[in-house]
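K.L.:
Please find one structure pasted underneath; my questions will follow.
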Amino acid sequence: MNKFNRAAIVDQNFVNAVEAWSRDHHAFASARRDGVPAEKDRAVVYPNRMTGKEMIEIFEAQVLSRHLDLIARELRKRDASFYTIGSSGHEGNAVVGHLTRTTDPAFLHYRSGGFVMRRSLQDPTVDPIYDSILSQAASSEDPISGGRHKVWGSKKLWVIPQTSTIASHLPKAVGAAISIGRAKKIGFEPPVPRDSIMVCSFGDASSNHSTALGAFNTAAWASYQRVPVPVLFVCEDNGLGISVKSPPGYIEQTYSNRPGLAYYRCNGLDMIDTYEIASRAIEHCRSRRSPVFLHMKVVRLLGHAGSDFELEYRSEDEVIHTESQDPLLASAQLLIEHGLMTAEEIHALYEDTRRRCREAGERAIERPRLETAEEVMKPLAPFTPAKVEEEAVRNNYGERRLRAFGSESRFPENTPPRHMAAQINSTLFDLLAKYPESLLFGEDVARKGGVYHVTAGLEKAFRAGRVFNSLLDEQAILGLAQGAGYMNLLPIAEIQYLAYFHNACDQIRGEACSLQFFSNDQFRNPMVVRVASLGYQKGFGGHFHNDNSTTALRDIPGLVIACPSRGDDASAMLRSCTALAKVDGRVVFFLEPIALYMTKDLYEDQDAGWSFPIPPLDTYIAPGTGRVYHENAEDLLIITYGNGVYFSLRAARELAQKTGASARVFDLRWLAPLDLEGIARNAKECGRVLIVDEGRKTGSVSEAIFSHLHEAGLGSLHTERVTGEDSYIPLGPAANTVLPTEAEILERAKIMVRDRVATS
């Protein structure tokens, strides 16, 4: 046999061993007597009373998992399967799948196939073989992702699909665990029983990732404060991160004495030991509602994936030694030793499973695949405009609203025009009253009321169960938001500054926004993330408090990005954003221009030109709709957003005073989706376009607008832009050297209209 084909070798090793046992009936001290099978319903393992029936069920799941790895490689050779990262050697996790409930949400490592098989076998309506091969073959009939990725997932089994599980799924598992207790605290019923736990598996190498470390810390930090965090971390330790070895003993030393994190260690190659230890770990997690680290020692067979040539970085002797520890062989031995199955029965089960996998494979590879971009993208960004609008303007929560504000005289509509910060604050009061399942959290948002006091008074009105401070970790904040969404809560999270978001970008890019896509919209994690954003804080804070990089957000598929420039728009847009999250499960970023929070005047001191009454509750601003100022102006169109709106309106006034030219100002209001129709229509009517974009030259929204104008057949229009420089924002007055200024906007506008004015 070819020594490089380790899958064939491992497969044949198992067959040879079982056949040898079949020939040698004295190889084991069998528990059978006089050929009478053992009583499968009686306990065979003490003190946890594991029955023979359980041992057989776990073994069947392990065999299924193994053959799914083998069929994946067989089909890959025929270019009929597209995923060969397998679970061979990790089959001990089938025990955890057996001991946990189908209502214990599972966030799984890609090598947790045994877990999925055992959980799947608990539901007779699930065909785990066919479903898994459909996923391997990228068939559009794959019941979880619809052919978009090979993922472990099932809506009915509460296996939430993960993609690249290099620790990025740990924060949301912690968030979901915290949210079960949070739901109970606010009197809201989660979609799973209240005594459920979250199961989260990962590899030993992944435990070193900063995302994992943050998740462990968050769980321990919350548990230390007696916050329930029922999460079972399952570290499947095979000693390798692809080719990089984990230092022996490092996991034990690091996690065995960590405060706030109970540690259990089991031998994942031994079904009995795993059952005993995992039972205790799960009971600890479920009864004490606290985080547990289950360290499961396993081996990795067949290399990292089908394309991995393992002998390049491991000696042949080392590989052979690893293969000798095959957990499937160990489980088979246990069954024979306990008189539960004969070697012949094991061999028959193994070969019958092979047959079933091959037959399912032949069917699966003939099933349809996604063929168009429209099919691929269908679940990415669901939007039901009529339902979202209906939800946004819904006003049937009068009693809760009255309790929130204290009296009708304090209702926002009965207060004078105010600045943006006050409008957002009032709207948050309204939203927390409207949605009793909503939570508001982030750094300093509770008693302090936020760095800019935008959340002032909310904790007092809605109590700490719904308005609370997070620890200082953006990954934890966004993980909690995702987890809350899983538990049917409606999170409104705050990231203190846009610059801080970049610490946790993958929680949105790789996790939150990909969920509907990779689950075919079967799972959702709705959220609204408020972010104090952009520049112009008169030099305060430098880059970390003045961040104009919206590019990282606009590049995320499916993410909705709102950016109001005035208080009344902020209020109506925030309601629309929350309705969009509630109805369509969408992830929405709400960028709040810090420099405009307290701005009241527009042209002159005390003119109150930038103070507005709060809009009526029936006001709806649909995603991707802009606002036009000076709609009769035809000399120049200024397209802008955020702080640029304020500067452009001032520049337009001075332009008219000095040149007689009129400038129309188009406030995008939404950076994703863009109001493409409004951009094109207004550009065509004005003929000349100046884009004012406080983002950087490279990658900013202005580039998208240029492209759209060209694609709309308006590329011949005189179009220019004023943008930020490709620079970080420095401290002090120097900040204005790398950001668009009002003077720069005016000067560029004057040049652009000079020819038109001269010929008019």
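Following the order of the structure tokens, first chain is A, next is B, and so on, with residues numbered from 1 inside each chain and ligands from 1 in the order they appear.
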Do you know which residues are at most 8 Å from A:Ile691 counting only C-alpha atoms, after dropping those on the same chain fewer than 2 positions away, and could you put them as a list in words?
P.N.:
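The filter keeps Ile638, Ile639, Thr640, Val689, Asp693, Ser702, Thr719, Glu720, Arg721, Val722 and Thr723 of chain A.
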K.L.:
Under the rule of at most 12 Å, produce a per-residue listing of stretch 220-317 of chain A near stretch 111-118 of chain A: chain, number, name, the closest pair of atoms, and the distance in Å, as JSON lines, using only C-alpha atoms.
P.N.:
```
{"residue": "A:Val234", "atom": "CA", "partner": "A:Ser112", "partner_atom": "CA", "distance": 10.0}
{"residue": "A:Cys235", "atom": "CA", "partner": "A:Ser112", "partner_atom": "CA", "distance": 10.6}
{"residue": "A:Glu236", "atom": "CA", "partner": "A:Arg111", "partner_atom": "CA", "distance": 8.4}
{"residue": "A:Asp237", "atom": "CA", "partner": "A:Arg111", "partner_atom": "CA", "distance": 10.8}
{"residue": "A:Asn238", "atom": "CA", "partner": "A:Arg111", "partner_atom": "CA", "distance": 10.5}
{"residue": "A:Gly268", "atom": "CA", "partner": "A:Gly114", "partner_atom": "CA", "distance": 11.4}
{"residue": "A:Met296", "atom": "CA", "partner": "A:Ser112", "partner_atom": "CA", "distance": 11.8}
{"residue": "A:Val298", "atom": "CA", "partner": "A:Arg111", "partner_atom": "CA", "distance": 10.8}
{"residue": "A:Val299", "atom": "CA", "partner": "A:Arg111", "partner_atom": "CA", "distance": 11.0}
{"residue": "A:Arg300", "atom": "CA", "partner": "A:Arg111", "partner_atom": "CA", "distance": 9.3}
{"residue": "A:Leu301", "atom": "CA", "partner": "A:Arg111", "partner_atom": "CA", "distance": 10.8}
{"residue": "A:Leu302", "atom": "CA", "partner": "A:Arg111", "partner_atom": "CA", "distance": 11.9}
{"residue": "A:Gly303", "atom": "CA", "partner": "A:Arg111", "partner_atom": "CA", "distance": 11.8}
{"residue": "A:His304", "atom": "CA", "partner": "A:Arg111", "partner_atom": "CA", "distance": 9.9}
{"residue": "A:Ala305", "atom": "CA", "partner": "A:Arg111", "partner_atom": "CA", "distance": 10.6}
```
K.L.:
Return the single residue from A:Ala183, A:His419, A:Ala17, A:Asp131 that is closest to A:Gln333, with distances computed using only C-alpha atoms.
P.N.:
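Checking each of A:Ala183, A:His419, A:Ala17, A:Asp131 against A:Gln333, counting only C-alpha atoms, the winner is A:Ala17.
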K.L.:
Restricting the calculation to only C-alpha atoms, which member of A:Asn632, A:Ser324, A:Asn16, A:Ser565 is positioned closest to A:Asp667?
P.N.:
A:Ser565
K.L.:
Give me the residues within 6 Å of stretch 426-438 of chain A as a compact mmCIF listing (two decimals) with C-alpha atoms, in the first residue's frame, counting only C-alpha atoms and dropping any in the same chain fewer than 2 places off.
P.N.:
```
# COMPACT_ATOMS: atom_id res chain seq x y z
CA TYR A 397 -46.30 50.40 23.82
CA ARG A 400 -44.08 51.12 28.84
CA ARG A 401 -43.21 54.41 27.20
CA GLN A 423 -32.04 62.99 20.30
CA ILE A 424 -30.20 59.67 20.33
CA LEU A 489 -32.84 39.08 22.60
CA LEU A 490 -32.33 42.35 20.74
CA PRO A 491 -28.86 43.73 21.51
CA SER A 571 -33.58 59.36 15.79
```
K.L.:
Skipping near chain neighbours, those fewer than 2 positions away, what residues fall within 6 Å of stretch 552-557 of chain A using only C-alpha atoms, listed as a list in words?
P.N.:
Arg509, Thr550 and Leu559 of chain A
K.L.:
Could you pull out all residues of stretch 397-559 of chain A with a DSSP call of strand (DSSP E or B) and give them as a list in words?
P.N.:
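Those in stretch 397-559 of chain A that DSSP calls strand (DSSP E or B) are Arg418, Ser438, Leu439, Leu440, Phe441, Gly442, Val467, Phe468, Asn469, Leu490, Pro491, Ile492, Ala493, Glu494, Ile495, Met527, Val528, Val529, Arg530, Val531, Ala532, Ser533, Leu534 and Asp547 of chain A.
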K.L.:
Take the residues from that selection and write them out as a short mmCIF file (atom, residue, chain, number, x, y, z; two decimals), in the first residue's frame, keeping N, CA and C atoms.
P.N.:
```
data_model
loop_
_atom_site.label_atom_id
_atom_site.label_comp_id
_atom_site.auth_asym_id
_atom_site.auth_seq_id
_atom_site.Cartn_x
_atom_site.Cartn_y
_atom_site.Cartn_z
N ARG A 418 -33.49 69.86 19.85
CA ARG A 418 -32.26 69.57 20.58
C ARG A 418 -31.19 69.05 19.63
N SER A 438 -34.84 43.96 24.55
CA SER A 438 -33.61 44.62 24.13
C SER A 438 -32.66 44.83 25.31
N LEU A 439 -31.36 44.79 24.99
CA LEU A 439 -30.30 45.06 25.95
C LEU A 439 -29.42 46.16 25.39
N LEU A 440 -28.89 47.00 26.26
CA LEU A 440 -27.93 48.01 25.85
C LEU A 440 -26.69 47.84 26.71
N PHE A 441 -25.53 47.67 26.05
CA PHE A 441 -24.32 47.41 26.81
C PHE A 441 -23.09 47.89 26.05
N GLY A 442 -22.02 48.03 26.77
CA GLY A 442 -20.75 48.50 26.23
C GLY A 442 -19.92 49.08 27.37
N VAL A 467 -29.40 47.39 30.99
CA VAL A 467 -28.38 48.39 30.63
C VAL A 467 -27.19 48.15 31.54
N PHE A 468 -26.06 47.75 30.96
CA PHE A 468 -24.95 47.36 31.82
C PHE A 468 -23.61 47.58 31.11
N ASN A 469 -22.60 47.70 31.93
CA ASN A 469 -21.24 47.88 31.42
C ASN A 469 -20.63 46.54 31.04
N LEU A 490 -32.62 41.33 21.74
CA LEU A 490 -32.33 42.35 20.74
C LEU A 490 -31.22 43.26 21.27
N PRO A 491 -29.98 42.97 20.93
CA PRO A 491 -28.86 43.73 21.51
C PRO A 491 -28.61 45.06 20.80
N ILE A 492 -28.38 46.08 21.60
CA ILE A 492 -27.91 47.37 21.12
C ILE A 492 -26.56 47.59 21.81
N ALA A 493 -25.51 47.26 21.10
CA ALA A 493 -24.17 47.31 21.68
C ALA A 493 -23.50 48.64 21.34
N GLU A 494 -22.59 49.06 22.19
CA GLU A 494 -21.82 50.27 21.90
C GLU A 494 -20.33 49.95 21.84
N ILE A 495 -19.70 50.38 20.74
CA ILE A 495 -18.25 50.40 20.64
C ILE A 495 -17.84 51.85 20.87
N MET A 527 -28.53 42.61 15.50
CA MET A 527 -27.90 43.55 16.44
C MET A 527 -27.81 44.93 15.82
N VAL A 528 -27.81 45.92 16.67
CA VAL A 528 -27.48 47.29 16.29
C VAL A 528 -26.25 47.66 17.10
N VAL A 529 -25.20 48.08 16.40
CA VAL A 529 -23.96 48.45 17.07
C VAL A 529 -23.76 49.95 16.89
N ARG A 530 -23.86 50.67 17.99
CA ARG A 530 -23.63 52.12 17.97
C ARG A 530 -22.13 52.38 18.16
N VAL A 531 -21.60 53.30 17.33
CA VAL A 531 -20.18 53.59 17.40
C VAL A 531 -19.96 55.09 17.33
N ALA A 532 -19.34 55.64 18.35
CA ALA A 532 -18.90 57.04 18.30
C ALA A 532 -17.79 57.13 17.26
N SER A 533 -17.98 58.00 16.25
CA SER A 533 -17.17 57.86 15.04
C SER A 533 -16.66 59.19 14.49
N LEU A 534 -15.78 59.02 13.53
CA LEU A 534 -15.27 60.06 12.65
C LEU A 534 -14.40 61.08 13.40
N ASP A 547 -11.35 58.58 14.09
CA ASP A 547 -11.07 57.55 13.09
C ASP A 547 -12.03 57.73 11.93
#
```
K.L.:
Which residues in stretch 65-290 of chain A does DSSP call alpha helix (DSSP H)? List them as an MDAnalysis selection string.
P.N.:
chainID A and resid 65:77 94:99 113:120 128:136 170:185 210:224 250:255 271:288
K.L.:
When distances are computed from only C-alpha atoms, which of A:Gly457, A:Gly660, A:Gly153, A:Gly624 shows the smallest separation from A:Gly678?
P.N.:
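Selected residue with least distance to A:Gly678: A:Gly624.
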K.L.:
Interatomic distance between atom CA of A:Glu604 and atom CA of A:Asp635?
P.N.:
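Computed distance, atom CA of A:Glu604 to atom CA of A:Asp635, equals 24.8 Å.
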K.L.:
Could you give me, as a list in words, the residues within 8 Å of A:Ser700, counting only C-alpha atoms and dropping anything in the same chain fewer than 3 positions from it?
P.N.:
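The contact residues come out as Ser549, Thr550, Thr551, Asp693, Gly695, Arg696, Lys697, Glu703 and Ala704 of chain A.
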K.L.:
Selection from above, C-alpha atoms, as an mmCIF file, in the first residue's frame, can you write it?
P.N.:
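Saved to out06.cif:
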```
data_model
loop_
_atom_site.group_PDB
_atom_site.id
_atom_site.type_symbol
_atom_site.label_atom_id
_atom_site.label_comp_id
_atom_site.auth_asym_id
_atom_site.auth_seq_id
_atom_site.Cartn_x
_atom_site.Cartn_y
_atom_site.Cartn_z
ATOM 1 C CA SER A 549 -11.803 54.560 8.329
ATOM 2 C CA THR A 550 -15.223 53.393 7.222
ATOM 3 C CA THR A 551 -13.647 51.252 4.500
ATOM 4 C CA ASP A 693 -15.664 62.410 1.890
ATOM 5 C CA GLY A 695 -12.714 59.080 4.741
ATOM 6 C CA ARG A 696 -9.293 58.441 3.298
ATOM 7 C CA LYS A 697 -8.561 58.816 -0.404
ATOM 8 C CA GLU A 703 -14.487 55.716 -4.958
ATOM 9 C CA ALA A 704 -17.762 53.798 -4.976
#
```
K.L.:
Near A:Ile71, counting only C-alpha atoms, which residues have an atom at most 9 Å away, once you skip same-chain residues fewer than 4 positions from it, shown as a list in words?
P.N.:
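The contact residues come out as Arg66, His67, Leu75, Arg76, Ser81, Ile133, Arg354, Cys357, Arg358 and Gly361 of chain A.
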K.L.:
Mind dumping the selected residues with C-alpha atoms as a JSON list (two decimals), in the first residue's frame?
P.N.:
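This went into result02.json:
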```
[["chain", "number", "residue", "atom", "x", "y", "z"],
["A", 66, "ARG", "CA", -14.75, 8.03, 10.28],
["A", 67, "HIS", "CA", -16.41, 6.95, 7.08],
["A", 75, "LEU", "CA", -15.05, 11.82, -3.82],
["A", 76, "ARG", "CA", -12.35, 14.48, -3.86],
["A", 81, "SER", "CA", -16.23, 16.79, -3.12],
["A", 133, "ILE", "CA", -22.03, 14.54, 1.99],
["A", 354, "ARG", "CA", -18.91, 2.30, 4.27],
["A", 357, "CYS", "CA", -21.68, 6.41, 2.75],
["A", 358, "ARG", "CA", -20.75, 5.40, -0.78],
["A", 361, "GLY", "CA", -22.21, 9.87, -1.97]]
```
K.L.:
How many Å separate atom CA of A:Ser576 from atom CA of A:Asp618?
P.N.:
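Separating atom CA of A:Ser576 from atom CA of A:Asp618 is a distance of 10.5 Å.
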K.L.:
Neighbours of A:Leu602 within 9 Å (only C-alpha atoms; same-chain residues fewer than 3 positions away dropped), as an mmCIF file with C-alpha atoms, in the first residue's frame?
P.N.:
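selection_33.cif written:
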```
data_model
loop_
_atom_site.group_PDB
_atom_site.id
_atom_site.type_symbol
_atom_site.label_atom_id
_atom_site.label_comp_id
_atom_site.auth_asym_id
_atom_site.auth_seq_id
_atom_site.Cartn_x
_atom_site.Cartn_y
_atom_site.Cartn_z
ATOM 1 C CA THR A 599 -23.687 70.937 17.761
ATOM 2 C CA ASP A 605 -23.819 81.463 17.094
ATOM 3 C CA GLN A 606 -27.157 80.705 18.723
ATOM 4 C CA ASP A 607 -29.039 80.407 15.433
ATOM 5 C CA ALA A 608 -30.133 76.886 16.481
ATOM 6 C CA GLY A 609 -29.797 75.885 12.852
ATOM 7 C CA TRP A 610 -28.599 72.397 13.746
ATOM 8 C CA SER A 611 -31.153 71.731 16.494
ATOM 9 C CA TYR A 646 -22.461 70.349 8.103
ATOM 10 C CA LEU A 649 -24.078 73.425 3.904
ATOM 11 C CA ARG A 650 -21.955 76.206 5.317
#
```
K.L.:
With distances taken over only C-alpha atoms, which residue among A:Ser279, A:Asn414, A:Asn13, A:Asn93 lies nearest A:Met50?
P.N.:
A:Ser279
